[in-house]
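File shown: input-v6.txt (compact mmCIF, C-alpha atoms and all ligand atoms).
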# COMPACT_ATOMS: atom_id res chain seq x y z
CA MET A 1 50.94 12.17 32.41
CA LEU A 2 47.22 11.86 31.65
CA ARG A 3 45.54 12.74 28.36
CA PHE A 4 42.11 14.41 28.56
CA VAL A 5 40.18 14.40 25.28
CA THR A 6 37.76 17.34 25.37
CA SER A 7 36.68 20.33 23.31
CA ASN A 8 35.81 22.15 26.54
CA ALA A 9 38.55 24.36 28.02
CA GLY A 10 36.63 24.76 31.29
CA LYS A 11 36.59 21.00 31.92
CA ALA A 12 40.32 20.81 31.12
CA ARG A 13 41.11 23.62 33.60
CA GLU A 14 39.25 21.84 36.37
CA ALA A 15 40.94 18.47 35.71
CA ALA A 16 44.39 20.08 35.60
CA GLN A 17 43.76 21.76 38.96
CA TYR A 18 42.46 18.60 40.64
CA LEU A 19 44.30 15.50 39.42
CA PRO A 20 47.61 14.48 41.05
CA GLU A 21 49.29 13.95 37.66
CA GLU A 22 49.98 16.39 34.85
CA VAL A 23 47.07 16.64 32.38
CA GLU A 24 47.52 17.15 28.65
CA ARG A 25 44.43 18.33 26.78
CA ILE A 26 43.70 16.74 23.39
CA GLU A 27 41.13 18.52 21.26
CA TYR A 28 39.95 15.53 19.24
CA ASP A 29 36.17 15.89 18.76
CA TYR A 30 34.98 12.31 19.24
CA PRO A 31 31.46 11.51 17.95
CA GLU A 32 28.96 11.35 20.83
CA ILE A 33 26.42 8.53 20.78
CA GLN A 34 22.83 9.39 21.68
CA SER A 35 21.83 7.84 24.99
CA ASP A 36 20.06 8.70 28.23
CA SER A 37 23.08 7.40 30.12
CA LEU A 38 26.09 9.66 30.67
CA ALA A 39 28.17 6.58 31.51
CA GLU A 40 27.35 4.95 28.16
CA ILE A 41 28.15 8.15 26.27
CA ALA A 42 31.43 8.63 28.14
CA ALA A 43 32.52 4.99 27.73
CA ALA A 44 31.76 5.01 23.99
CA GLY A 45 33.61 8.34 23.60
CA ALA A 46 36.63 7.01 25.48
CA ARG A 47 36.77 3.87 23.29
CA ASP A 48 36.53 5.96 20.14
CA ALA A 49 39.25 8.37 21.29
CA TYR A 50 41.49 5.42 22.26
CA ARG A 51 41.12 3.93 18.77
CA GLU A 52 42.03 7.29 17.23
CA ILE A 53 44.89 8.27 19.55
CA SER A 54 46.27 4.81 20.47
CA GLU A 55 47.26 6.03 23.96
CA PRO A 56 45.43 5.79 27.29
CA VAL A 57 42.99 8.72 27.52
CA PHE A 58 40.03 9.93 29.54
CA VAL A 59 36.88 11.86 28.63
CA ASP A 60 34.16 13.53 30.69
CA ASP A 61 30.47 13.51 29.85
CA SER A 62 28.32 15.72 31.99
CA GLY A 63 25.02 17.54 32.19
CA LEU A 64 22.51 19.53 34.19
CA PHE A 65 19.47 17.56 35.40
CA ILE A 66 16.52 19.80 36.41
CA ASP A 67 14.09 18.09 38.81
CA ALA A 68 10.95 19.91 37.59
CA PHE A 69 11.74 18.79 34.03
CA ASP A 70 12.34 15.15 35.02
CA GLY A 71 16.08 15.53 34.43
CA PHE A 72 16.01 17.58 31.21
CA PRO A 73 18.35 18.69 29.61
CA GLY A 74 20.59 15.94 31.13
CA PRO A 75 22.66 14.24 28.43
CA TYR A 76 21.42 16.88 25.95
CA SER A 77 22.78 19.83 27.97
CA SER A 78 25.30 20.86 25.34
CA TYR A 79 22.69 20.92 22.55
CA VAL A 80 20.18 22.84 24.70
CA ASP A 81 22.81 25.40 25.74
CA GLU A 82 23.68 25.91 22.08
CA LYS A 83 20.05 26.24 20.90
CA LEU A 84 18.33 27.98 23.85
CA GLY A 85 21.12 29.36 26.01
CA ILE A 86 21.28 29.23 29.80
CA GLU A 87 19.15 32.38 30.32
CA ARG A 88 16.17 30.78 28.57
CA VAL A 89 16.66 27.52 30.43
CA GLN A 90 16.62 29.53 33.67
CA ALA A 91 13.51 31.46 32.56
CA LEU A 92 11.68 28.19 31.83
CA ALA A 93 12.76 26.71 35.17
CA ALA A 94 11.58 29.86 37.00
CA ARG A 95 7.97 29.05 35.96
CA GLU A 96 8.11 25.87 38.03
CA GLU A 97 7.63 25.61 41.80
CA ASN A 98 10.52 23.20 42.32
CA ASP A 99 13.86 24.93 41.63
CA ARG A 100 16.08 21.96 42.45
CA ALA A 101 18.62 20.47 40.04
CA ARG A 102 21.65 18.25 39.91
CA PHE A 103 24.87 18.41 37.94
CA ARG A 104 26.25 14.98 37.03
CA SER A 105 29.58 14.01 35.51
CA VAL A 106 31.03 10.71 34.36
CA VAL A 107 34.75 10.42 33.70
CA ALA A 108 35.71 7.43 31.51
CA TYR A 109 39.32 6.28 31.38
CA VAL A 110 40.51 3.75 28.81
CA ASP A 111 43.72 1.83 28.34
CA SER A 112 44.62 -1.66 27.10
CA GLY A 113 42.78 -3.09 30.13
CA GLY A 114 39.45 -1.59 29.00
CA VAL A 115 37.22 1.25 30.21
CA GLU A 116 36.67 2.38 33.81
CA THR A 117 34.02 4.98 34.70
CA PHE A 118 33.84 7.32 37.69
CA GLU A 119 30.76 9.34 38.61
CA GLY A 120 30.07 12.46 40.59
CA ALA A 121 26.96 14.51 41.33
CA VAL A 122 26.04 17.67 43.21
CA ARG A 123 22.67 19.13 44.18
CA GLY A 124 21.70 22.78 43.86
CA ARG A 125 19.05 25.27 42.72
CA ILE A 126 18.40 27.02 39.42
CA VAL A 127 18.67 30.80 39.96
CA PRO A 128 18.94 33.93 37.76
CA PRO A 129 22.52 34.15 36.41
CA ARG A 130 25.23 35.44 38.79
CA GLY A 131 29.02 35.44 38.56
CA SER A 132 31.62 35.53 35.81
CA GLY A 133 33.75 32.43 36.46
CA GLY A 134 33.33 28.85 35.30
CA PHE A 135 31.58 27.90 32.06
CA GLY A 136 28.31 26.59 30.62
CA TYR A 137 25.45 26.52 33.13
CA ASP A 138 27.60 27.65 36.09
CA PRO A 139 25.97 31.13 36.45
CA ILE A 140 22.47 29.64 36.98
CA PHE A 141 23.45 26.79 39.34
CA GLU A 142 23.55 27.75 43.02
CA HIS A 143 25.09 25.50 45.67
CA ARG A 144 24.97 26.60 49.34
CA GLY A 145 24.31 30.25 48.52
CA GLN A 146 26.90 30.66 45.75
CA THR A 147 26.60 29.98 42.04
CA PHE A 148 29.37 27.89 40.51
CA ALA A 149 30.29 30.99 38.46
CA GLU A 150 30.94 32.84 41.73
CA MET A 151 33.50 30.23 42.84
CA ASP A 152 37.10 29.88 41.70
CA VAL A 153 38.24 26.57 40.17
CA GLU A 154 39.45 25.23 43.50
CA GLU A 155 36.23 26.05 45.36
CA LYS A 156 34.11 24.55 42.60
CA ASN A 157 36.20 21.35 42.41
CA ALA A 158 35.85 20.87 46.18
CA VAL A 159 32.06 20.45 45.86
CA SER A 160 31.26 19.84 42.19
CA HIS A 161 30.10 16.81 40.22
CA ARG A 162 33.34 16.87 38.21
CA GLY A 163 35.45 17.26 41.36
CA ARG A 164 33.76 14.15 42.85
CA ALA A 165 34.27 12.13 39.65
CA LEU A 166 37.91 13.27 39.34
CA ALA A 167 38.54 12.41 43.01
CA ALA A 168 37.27 8.85 42.45
CA PHE A 169 39.41 8.61 39.30
CA GLY A 170 42.46 9.92 41.23
CA ASP A 171 41.92 7.35 44.03
CA TRP A 172 41.67 4.55 41.48
CA LEU A 173 44.89 5.71 39.74
CA ALA A 174 46.71 5.81 43.07
CA GLU A 175 45.61 2.28 43.98
CA ARG A 176 46.48 0.70 40.64
P1 LIG B 201 33.36 17.61 25.41
O1 LIG B 201 34.20 17.85 24.20
O2 LIG B 201 34.19 17.24 26.61
O3 LIG B 201 32.24 16.63 25.16
P2 LIG B 201 31.20 19.48 25.87
O4 LIG B 201 31.18 20.88 26.40
O5 LIG B 201 30.50 19.20 24.58
O6 LIG B 201 32.73 19.03 25.80
P3 LIG B 201 29.38 17.58 27.16
O7 LIG B 201 29.08 16.90 25.87
O8 LIG B 201 29.68 16.72 28.35
O9 LIG B 201 30.65 18.54 27.02
O10 LIG B 201 28.21 18.57 27.47
C1 LIG B 201 28.02 19.04 28.73
C2 LIG B 201 27.15 20.27 28.73
O11 LIG B 201 26.90 20.58 30.09
C3 LIG B 201 27.84 21.49 28.12
O12 LIG B 201 26.87 22.39 27.63
C4 LIG B 201 28.55 22.10 29.31
O13 LIG B 201 28.72 23.48 29.17
C5 LIG B 201 27.60 21.76 30.45
N1 LIG B 201 28.36 21.48 31.67
C6 LIG B 201 29.05 20.35 31.97
N2 LIG B 201 29.71 20.49 33.12
C7 LIG B 201 29.45 21.73 33.55
C8 LIG B 201 29.88 22.47 34.64
O14 LIG B 201 30.74 21.98 35.52
N3 LIG B 201 29.43 23.71 34.78
C9 LIG B 201 28.57 24.23 33.87
N4 LIG B 201 28.14 23.62 32.79
C10 LIG B 201 28.58 22.36 32.62

Would you put the structure from the file into structure tokens?
Ligand code: ITT
Amino acid sequence: MLRFVTSNAGKAREAAQYLPEEVERIEYDYPEIQSDSLAEIAAAGARDAYREISEPVFVDDSGLFIDAFDGFPGPYSSYVDEKLGIERVQALAAREENDRARFRSVVAYVDSGGVETFEGAVRGRIVPPRGSGGFGYDPIFEHRGQTFAEMDVEEKNAVSHRGRALAAFGDWLAER
């Protein structure tokens, strides 16, 4: 059994669908350090959660990196979603010529042996919102003609940043 520390139900759903072991969600809200590096944020969060929970756990730190904005909002995606909302982010992006963006995710797993991180990324375009599935920025992120909000969990995991990171994590668990 794996313990996933996250306040985000959407992330937990995707991990439960994709990992080969059962996933228990723990809603401990670990303090997030401020950094430009998702890997540093995830590793620090995992260490903090491990100290609190005293069991092996994993966390996921992720974000939307818009090319025309030099990667903004990136590690600040959660704050920007809360303050501006995805419609305004899309409206700002629509003023730019380049509509390309990337989702990135870093999964950090910690046990007595230390922290391991696993990364995944996916390229797409910022488009006006479509679809009712997924969470966060999914309605404005289009990949091969479909927004992530138009995909079910399985379809999204097969191509997404988190799916790639979880796959690497799953391979590592299997080889241990
Ligand atoms: P945690 O408790 O796991 O930290 P969180 O939602 O605060 O949950 P982050 O700090 O990693 O997660 O912030 C990521 C932001 O990027 C947040 O606004 C998410 O909604 C968004 N995001 C991350 N992955 C996404 C995905 O697959 N699809 C859409 N939006 C995503």

List all protein, DNA and RNA residues that have at least one atom no more than 6 Å from any atom of ligand LIG 201 (chain B), counting all atoms listed in the file, and write them as a PDB file with C-alpha atoms, in the coordinates of the input.
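Full text of result_10.pdb as output:
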ATOM      1  CA  THR A   6      37.760  17.340  25.370  1.00  0.00           C
ATOM      2  CA  SER A   7      36.680  20.330  23.310  1.00  0.00           C
ATOM      3  CA  ASN A   8      35.810  22.150  26.540  1.00  0.00           C
ATOM      4  CA  ASP A  60      34.160  13.530  30.690  1.00  0.00           C
ATOM      5  CA  ASP A  61      30.470  13.510  29.850  1.00  0.00           C
ATOM      6  CA  SER A  62      28.320  15.720  31.990  1.00  0.00           C
ATOM      7  CA  GLY A  63      25.020  17.540  32.190  1.00  0.00           C
ATOM      8  CA  SER A  77      22.780  19.830  27.970  1.00  0.00           C
ATOM      9  CA  SER A  78      25.300  20.860  25.340  1.00  0.00           C
ATOM     10  CA  ASP A  81      22.810  25.400  25.740  1.00  0.00           C
ATOM     11  CA  PHE A 135      31.580  27.900  32.060  1.00  0.00           C
ATOM     12  CA  GLY A 136      28.310  26.590  30.620  1.00  0.00           C
ATOM     13  CA  TYR A 137      25.450  26.520  33.130  1.00  0.00           C
ATOM     14  CA  ASP A 138      27.600  27.650  36.090  1.00  0.00           C
TER      15      ASP A 138
END

Expressed in Å, the length from CA of Arg123 (chain A) to CA of Arg104 (chain A) is 9.0 Å

field: Shell of 10 Å around region 140-143 of chain A, all atoms listed in the file, local chain residues under 3 positions omitted, as a PyMOL selection string
entry: chain A and resi 64+86-87+89-90+100-103+122-131+136-137+146-150+156+159-160

Pick out the residues sitting within 10 Å of Val57 (chain A), and hand them over as a PyMOL selection string; count all atoms listed in the file, and ignore anything fewer than 6 positions along from it in its own chain. chain A and resi 1-5+24-26+46-47+49-50+108-111+115

Students should find that CA of Glu27 (chain A) and CA of Ala44 (chain A) are spaced 16.7 Å

- Quick one: of A:Gly45, A:Ser132, A:Arg144, A:Ala94, who's nearest to Val59 (chain A), counting all atoms listed in the file?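 With all atoms listed in the file as the atom set, the closest residue is A:Gly45.
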
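With CA of Ala168 (chain A) on one side and CA of Ala15 (chain A) on the other, the separation reads 12.3 Å.
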
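Take the candidates A:Arg88, A:Pro56, A:Ile33, A:Asn98 and check each one against Pro75 (chain A) using all atoms listed in the file; the shortest distance goes to A:Ile33.
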
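Take the candidates A:Gly163, A:Gly134, A:Pro139, A:Pro31 and check each one against Glu119 (chain A) using only C-alpha atoms; the shortest distance goes to A:Gly163.
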
Residue nearest Glu22 (chain A) - candidates A:Asp67, A:Ala9, A:Gly170, A:Arg176, atoms counted: only C-alpha atoms |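 Counting only C-alpha atoms, the residue closest to Glu22 (chain A) is A:Gly170.
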
Exercise. From the list A:Met151, A:Leu19, A:Ala39, A:Leu84, which residue is nearest Asp171 (chain A) when using all atoms listed in the file?
Worked result: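 The answer is A:Leu19, which sits nearest to Asp171 (chain A).
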